[in-house]
>>> print(open('work.pdb').read())   # PDB, C-alpha atoms
ATOM      1  CA  MET A 939       0.104  -2.041 -15.559  1.00  0.00           C
ATOM      2  CA  PRO A 940      -1.300   0.140 -18.295  1.00  0.00           C
ATOM      3  CA  LYS A 941       1.021   0.911 -21.174  1.00  0.00           C
ATOM      4  CA  ASN A 942       1.586   4.621 -20.988  1.00  0.00           C
ATOM      5  CA  SER A 943       3.762   6.817 -23.151  1.00  0.00           C
ATOM      6  CA  SER A 944       3.039  10.040 -21.286  1.00  0.00           C
ATOM      7  CA  PRO A 945       5.836  11.587 -19.223  1.00  0.00           C
ATOM      8  CA  ILE A 946       6.374  10.393 -15.667  1.00  0.00           C
ATOM      9  CA  VAL A 947       4.889  13.009 -13.362  1.00  0.00           C
ATOM     10  CA  ILE A 948       6.050  13.321  -9.773  1.00  0.00           C
ATOM     11  CA  GLU A 949       3.738  15.456  -7.659  1.00  0.00           C
ATOM     12  CA  ASP A 950       4.309  17.111  -4.311  1.00  0.00           C
ATOM     13  CA  TYR A 951       2.851  15.156  -1.415  1.00  0.00           C
ATOM     14  CA  CYS A 952      -0.938  15.449  -1.275  1.00  0.00           C
ATOM     15  CA  SER A 953      -2.749  15.134   2.053  1.00  0.00           C
ATOM     16  CA  GLU A 954      -5.682  13.550   0.167  1.00  0.00           C
ATOM     17  CA  TRP A 955      -3.696  10.384  -0.595  1.00  0.00           C
ATOM     18  CA  PRO A 956      -4.317   8.716   2.796  1.00  0.00           C
ATOM     19  CA  HIS A 957      -8.041   9.512   2.473  1.00  0.00           C
ATOM     20  CA  LEU A 958      -8.147   8.013  -1.028  1.00  0.00           C
ATOM     21  CA  PHE A 959      -6.473   4.903   0.377  1.00  0.00           C
ATOM     22  CA  THR A 960      -8.992   4.647   3.223  1.00  0.00           C
ATOM     23  CA  GLN A 961     -11.958   5.015   0.871  1.00  0.00           C
ATOM     24  CA  GLU A 962     -10.653   2.440  -1.597  1.00  0.00           C
ATOM     25  CA  ALA A 963      -9.639   0.027   1.161  1.00  0.00           C
ATOM     26  CA  GLY A 964     -13.206   0.236   2.469  1.00  0.00           C
ATOM     27  CA  LEU A 965     -14.627  -0.667  -0.942  1.00  0.00           C
ATOM     28  CA  ILE A 966     -12.224  -3.592  -1.236  1.00  0.00           C
ATOM     29  CA  GLN A 967     -13.054  -4.819   2.277  1.00  0.00           C
ATOM     30  CA  ARG A 968     -16.768  -4.779   1.423  1.00  0.00           C
ATOM     31  CA  VAL A 969     -16.389  -7.037  -1.612  1.00  0.00           C
ATOM     32  CA  VAL A 970     -13.617  -9.435  -0.532  1.00  0.00           C
ATOM     33  CA  GLY A 971     -13.167  -8.794   3.181  1.00  0.00           C
ATOM     34  CA  ASN A 972     -13.719 -12.424   4.131  1.00  0.00           C
ATOM     35  CA  TYR A 973     -10.446 -13.334   2.359  1.00  0.00           C
ATOM     36  CA  ILE A 974      -8.408 -10.417   3.760  1.00  0.00           C
ATOM     37  CA  THR A 975      -6.321 -10.430   6.927  1.00  0.00           C
ATOM     38  CA  VAL A 976      -4.755  -6.963   6.560  1.00  0.00           C
ATOM     39  CA  VAL A 977      -4.809  -3.928   4.253  1.00  0.00           C
ATOM     40  CA  GLU A 978      -1.878  -1.483   4.211  1.00  0.00           C
ATOM     41  CA  HIS A 979      -1.107   1.729   2.338  1.00  0.00           C
ATOM     42  CA  ILE A 980       2.386   1.347   0.848  1.00  0.00           C
ATOM     43  CA  GLY A 981       4.500   3.121  -1.716  1.00  0.00           C
ATOM     44  CA  SER A 982       5.425   6.777  -1.870  1.00  0.00           C
ATOM     45  CA  THR A 983       1.879   8.086  -1.389  1.00  0.00           C
ATOM     46  CA  ALA A 984       1.913   6.407   2.052  1.00  0.00           C
ATOM     47  CA  VAL A 985       4.829   8.538   3.263  1.00  0.00           C
ATOM     48  CA  PRO A 986       3.898  12.031   4.481  1.00  0.00           C
ATOM     49  CA  GLY A 987       5.931  14.694   2.711  1.00  0.00           C
ATOM     50  CA  LEU A 988       7.224  12.431  -0.071  1.00  0.00           C
ATOM     51  CA  ALA A 989       6.742  13.527  -3.671  1.00  0.00           C
ATOM     52  CA  ALA A 990       5.221  10.725  -5.724  1.00  0.00           C
ATOM     53  CA  LYS A 991       3.455   9.586  -8.825  1.00  0.00           C
ATOM     54  CA  PRO A 992      -0.215  10.011  -7.816  1.00  0.00           C
ATOM     55  CA  ILE A 993      -0.903   6.275  -7.625  1.00  0.00           C
ATOM     56  CA  ILE A 994      -2.134   4.716  -4.400  1.00  0.00           C
ATOM     57  CA  ASP A 995      -0.418   1.376  -3.743  1.00  0.00           C
ATOM     58  CA  ILE A 996      -2.475  -0.955  -1.587  1.00  0.00           C
ATOM     59  CA  LEU A 997      -0.931  -4.039  -0.012  1.00  0.00           C
ATOM     60  CA  ILE A 998      -3.514  -6.679   0.797  1.00  0.00           C
ATOM     61  CA  GLY A 999      -2.713  -9.655   2.973  1.00  0.00           C
ATOM     62  CA  VAL A1000      -4.937 -12.640   2.252  1.00  0.00           C
ATOM     63  CA  LYS A1001      -5.370 -15.897   4.116  1.00  0.00           C
ATOM     64  CA  SER A1002      -4.227 -17.864   1.067  1.00  0.00           C
ATOM     65  CA  LEU A1003      -3.339 -17.086  -2.540  1.00  0.00           C
ATOM     66  CA  ALA A1004      -5.125 -20.340  -3.349  1.00  0.00           C
ATOM     67  CA  ASP A1005      -8.311 -18.272  -2.928  1.00  0.00           C
ATOM     68  CA  THR A1006      -7.339 -16.063  -5.896  1.00  0.00           C
ATOM     69  CA  PRO A1007     -10.229 -17.278  -8.097  1.00  0.00           C
ATOM     70  CA  HIS A1008     -12.680 -16.135  -5.421  1.00  0.00           C
ATOM     71  CA  PHE A1009     -11.446 -12.565  -5.021  1.00  0.00           C
ATOM     72  CA  ILE A1010     -10.364 -11.562  -8.536  1.00  0.00           C
ATOM     73  CA  ALA A1011     -13.881 -11.330 -10.045  1.00  0.00           C
ATOM     74  CA  PRO A1012     -15.297  -9.096  -7.265  1.00  0.00           C
ATOM     75  CA  LEU A1013     -12.279  -6.788  -7.599  1.00  0.00           C
ATOM     76  CA  GLN A1014     -12.791  -6.659 -11.362  1.00  0.00           C
ATOM     77  CA  GLN A1015     -16.361  -5.526 -10.689  1.00  0.00           C
ATOM     78  CA  LEU A1016     -14.855  -2.566  -8.805  1.00  0.00           C
ATOM     79  CA  GLY A1017     -12.958  -1.672 -11.997  1.00  0.00           C
ATOM     80  CA  TYR A1018      -9.671  -3.443 -11.314  1.00  0.00           C
ATOM     81  CA  ILE A1019      -7.713  -5.081 -14.109  1.00  0.00           C
ATOM     82  CA  TYR A1020      -5.980  -8.326 -13.192  1.00  0.00           C
ATOM     83  CA  VAL A1021      -2.460  -8.800 -14.591  1.00  0.00           C
ATOM     84  CA  PRO A1022      -1.526 -12.485 -14.200  1.00  0.00           C
ATOM     85  CA  GLU A1023       1.556 -12.023 -16.431  1.00  0.00           C
ATOM     86  CA  HIS A1024       3.470 -10.592 -13.452  1.00  0.00           C
ATOM     87  CA  GLU A1025       3.136 -13.883 -11.577  1.00  0.00           C
ATOM     88  CA  ALA A1026       5.950 -15.449 -13.603  1.00  0.00           C
ATOM     89  CA  GLU A1027       8.347 -12.932 -12.026  1.00  0.00           C
ATOM     90  CA  LEU A1028       6.609 -12.623  -8.631  1.00  0.00           C
ATOM     91  CA  PRO A1029       4.628 -15.820  -8.014  1.00  0.00           C
ATOM     92  CA  GLU A1030       3.925 -14.788  -4.418  1.00  0.00           C
ATOM     93  CA  ARG A1031       1.919 -11.715  -5.550  1.00  0.00           C
ATOM     94  CA  ARG A1032      -1.321 -11.093  -7.391  1.00  0.00           C
ATOM     95  CA  TYR A1033      -1.365  -7.685  -9.084  1.00  0.00           C
ATOM     96  CA  LEU A1034      -4.332  -5.596 -10.174  1.00  0.00           C
ATOM     97  CA  TYR A1035      -4.710  -1.945 -11.090  1.00  0.00           C
ATOM     98  CA  LYS A1036      -7.487   0.546 -11.621  1.00  0.00           C
ATOM     99  CA  GLN A1037      -7.111   3.386 -14.057  1.00  0.00           C
ATOM    100  CA  LYS A1038      -8.844   6.607 -14.969  1.00  0.00           C
ATOM    101  CA  ASP A1039      -8.167   8.509 -18.180  1.00  0.00           C
ATOM    102  CA  ASN A1040      -5.537   5.876 -19.104  1.00  0.00           C
ATOM    103  CA  GLU A1041      -3.577   6.617 -15.912  1.00  0.00           C
ATOM    104  CA  GLY A1042      -3.204   4.156 -13.056  1.00  0.00           C
ATOM    105  CA  THR A1043      -4.918   5.374  -9.918  1.00  0.00           C
ATOM    106  CA  PHE A1044      -4.716   2.366  -7.605  1.00  0.00           C
ATOM    107  CA  HIS A1045      -2.363  -0.607  -7.643  1.00  0.00           C
ATOM    108  CA  LEU A1046      -3.243  -3.690  -5.607  1.00  0.00           C
ATOM    109  CA  HIS A1047      -0.523  -6.037  -4.436  1.00  0.00           C
ATOM    110  CA  ILE A1048      -2.143  -9.150  -2.981  1.00  0.00           C
ATOM    111  CA  VAL A1049       0.111 -11.458  -0.986  1.00  0.00           C
ATOM    112  CA  GLU A1050       0.110 -13.662   2.069  1.00  0.00           C
ATOM    113  CA  PRO A1051       1.195 -11.530   5.064  1.00  0.00           C
ATOM    114  CA  GLU A1052       3.969 -13.979   5.960  1.00  0.00           C
ATOM    115  CA  SER A1053       5.647 -13.331   2.601  1.00  0.00           C
ATOM    116  CA  GLU A1054       8.936 -11.527   2.152  1.00  0.00           C
ATOM    117  CA  PHE A1055       7.167  -9.160  -0.275  1.00  0.00           C
ATOM    118  CA  PHE A1056       4.798  -8.037   2.504  1.00  0.00           C
ATOM    119  CA  SER A1057       7.441  -7.518   5.186  1.00  0.00           C
ATOM    120  CA  ARG A1058       9.876  -5.782   2.805  1.00  0.00           C
ATOM    121  CA  HIS A1059       7.313  -3.217   1.633  1.00  0.00           C
ATOM    122  CA  ILE A1060       6.085  -2.452   5.152  1.00  0.00           C
ATOM    123  CA  ALA A1061       9.664  -2.058   6.431  1.00  0.00           C
ATOM    124  CA  PHE A1062      10.558   0.305   3.556  1.00  0.00           C
ATOM    125  CA  ARG A1063       7.474   2.458   4.161  1.00  0.00           C
ATOM    126  CA  ASP A1064       8.016   2.560   7.918  1.00  0.00           C
ATOM    127  CA  TYR A1065      11.687   3.473   7.536  1.00  0.00           C
ATOM    128  CA  LEU A1066      10.850   6.418   5.301  1.00  0.00           C
ATOM    129  CA  ARG A1067       8.077   7.556   7.644  1.00  0.00           C
ATOM    130  CA  SER A1068      10.576   7.835  10.479  1.00  0.00           C
ATOM    131  CA  HIS A1069      13.592   9.217   8.553  1.00  0.00           C
ATOM    132  CA  PRO A1070      12.881  12.631   6.976  1.00  0.00           C
ATOM    133  CA  GLU A1071      16.394  12.858   5.549  1.00  0.00           C
ATOM    134  CA  ALA A1072      15.761   9.664   3.542  1.00  0.00           C
ATOM    135  CA  VAL A1073      12.427  11.110   2.354  1.00  0.00           C
ATOM    136  CA  ALA A1074      14.199  14.242   1.080  1.00  0.00           C
ATOM    137  CA  GLU A1075      16.885  12.177  -0.653  1.00  0.00           C
ATOM    138  CA  TYR A1076      14.325   9.851  -2.254  1.00  0.00           C
ATOM    139  CA  ALA A1077      12.140  12.753  -3.435  1.00  0.00           C
ATOM    140  CA  SER A1078      15.138  14.451  -5.019  1.00  0.00           C
ATOM    141  CA  LEU A1079      16.156  11.213  -6.734  1.00  0.00           C
ATOM    142  CA  LYS A1080      12.650  10.595  -8.071  1.00  0.00           C
ATOM    143  CA  LEU A1081      12.326  14.112  -9.465  1.00  0.00           C
ATOM    144  CA  ARG A1082      15.718  13.850 -11.177  1.00  0.00           C
ATOM    145  CA  LEU A1083      14.930  10.410 -12.601  1.00  0.00           C
ATOM    146  CA  ALA A1084      11.514  11.525 -13.869  1.00  0.00           C
ATOM    147  CA  ARG A1085      13.245  14.292 -15.841  1.00  0.00           C
ATOM    148  CA  GLU A1086      15.969  11.928 -17.034  1.00  0.00           C
ATOM    149  CA  PHE A1087      13.714   9.049 -18.109  1.00  0.00           C
ATOM    150  CA  GLY A1088      10.737  11.000 -19.479  1.00  0.00           C
ATOM    151  CA  SER A1089       8.122   8.353 -20.272  1.00  0.00           C
ATOM    152  CA  ASP A1090      10.428   5.327 -19.800  1.00  0.00           C
ATOM    153  CA  ARG A1091       8.720   3.854 -16.731  1.00  0.00           C
ATOM    154  CA  SER A1092      10.828   0.725 -16.714  1.00  0.00           C
ATOM    155  CA  GLY A1093      14.063   2.727 -16.799  1.00  0.00           C
ATOM    156  CA  TYR A1094      12.765   5.036 -14.066  1.00  0.00           C
ATOM    157  CA  THR A1095      11.836   2.099 -11.840  1.00  0.00           C
ATOM    158  CA  ASP A1096      15.147   0.321 -12.463  1.00  0.00           C
ATOM    159  CA  ALA A1097      17.093   3.495 -11.663  1.00  0.00           C
ATOM    160  CA  LYS A1098      15.443   3.706  -8.215  1.00  0.00           C
ATOM    161  CA  THR A1099      16.506   0.164  -7.314  1.00  0.00           C
ATOM    162  CA  GLU A1100      19.879   1.024  -5.770  1.00  0.00           C
ATOM    163  CA  PHE A1101      18.315   3.559  -3.381  1.00  0.00           C
ATOM    164  CA  ILE A1102      15.487   1.188  -2.437  1.00  0.00           C
ATOM    165  CA  GLN A1103      17.903  -1.671  -1.795  1.00  0.00           C
ATOM    166  CA  SER A1104      20.095   0.563   0.372  1.00  0.00           C
ATOM    167  CA  ILE A1105      17.073   1.373   2.566  1.00  0.00           C
ATOM    168  CA  GLU A1106      16.064  -2.292   2.677  1.00  0.00           C
ATOM    169  CA  LYS A1107      19.545  -3.170   3.965  1.00  0.00           C
ATOM    170  CA  LEU A1108      19.159  -0.577   6.713  1.00  0.00           C
ATOM    171  CA  THR A1109      15.796  -2.047   7.735  1.00  0.00           C
ATOM    172  CA  GLN A1110      17.341  -5.508   8.009  1.00  0.00           C
ATOM    173  CA  LYS A1111      19.973  -4.208  10.451  1.00  0.00           C
ATOM    174  CA  ALA A1112      17.331  -2.650  12.711  1.00  0.00           C
TER     175      ALA A1112
END
>>> encode(input="work.pdb", output="structure tokens")
Amino acid sequence: MPKNSSPIVIEDYCSEWPHLFTQEAGLIQRVVGNYITVVEHIGSTAVPGLAAKPIIDILIGVKSLADTPHFIAPLQQLGYIYVPEHEAELPERRYLYKQKDNEGTFHLHIVEPESEFFSRHIAFRDYLRSHPEAVAEYASLKLRLAREFGSDRSGYTDAKTEFIQSIEKLTQKA
């Protein structure tokens, strides 16, 4: 992820976010579609009505992470930056991002669809999509944390963990 010292900005939900996802997913499918089994819009921009950082998170399911050398270069040609350093912490995921004006615009999370990472992110998104009270609570939390943490992205992310884990527990009971 780009190093960024600017303040964390949480924006009201934007109806353009799903369209941006669809456009970008189409570009990705064109260059590496033969490796992809599924493409999903995840993260806060995938939840109607949820305030978010204006970054589109794209979850890509691939047949095998062993094919990584074949799909990284074409994605880099689309402007994505590959961050292999994250694989030490999350070996089941390949992470890339695209930025504009030193701000991330798209984050790619490439995993095998059978992975826990894949199912956890889909379940979280789907829970929020069907529980407006959780959306309101999460939006309020994110706005408060953005004010509290300023430009400390790591602190902001860590501070959201308890809420995220509480939702994940609810999805496991369902």
>>> atom_distance(input="work.pdb", atom1="CA of Ile1060 (chain A)", atom2="CA of Glu954 (chain A)")
20.5 Å
>>> atom_distance(input="work.pdb", atom1="CA of Ile980 (chain A)", atom2="CA of Phe1062 (chain A)")
8.7 Å
>>> residues_around(input="work.pdb", residues="Tyr973 (chain A)", least_positions_apart="6", cutoff="12 Å", atoms="only C-alpha atoms", output="VMD selection string")
chain A and resid 966 to 967 998 to 1010 1012 1048 to 1050
>>> resolve_selection(input="work.pdb", expression="the PyMOL selection byres ((chain A and resi 1014) around 12)", output="PyMOL selection string")
chain A and resi 966+969-970+1007-1013+1015-1021+1033-1037+1046
>>> atom_distance(input="work.pdb", atom1="CA of Ala989 (chain A)", atom2="CA of Glu949 (chain A)")
5.4 Å
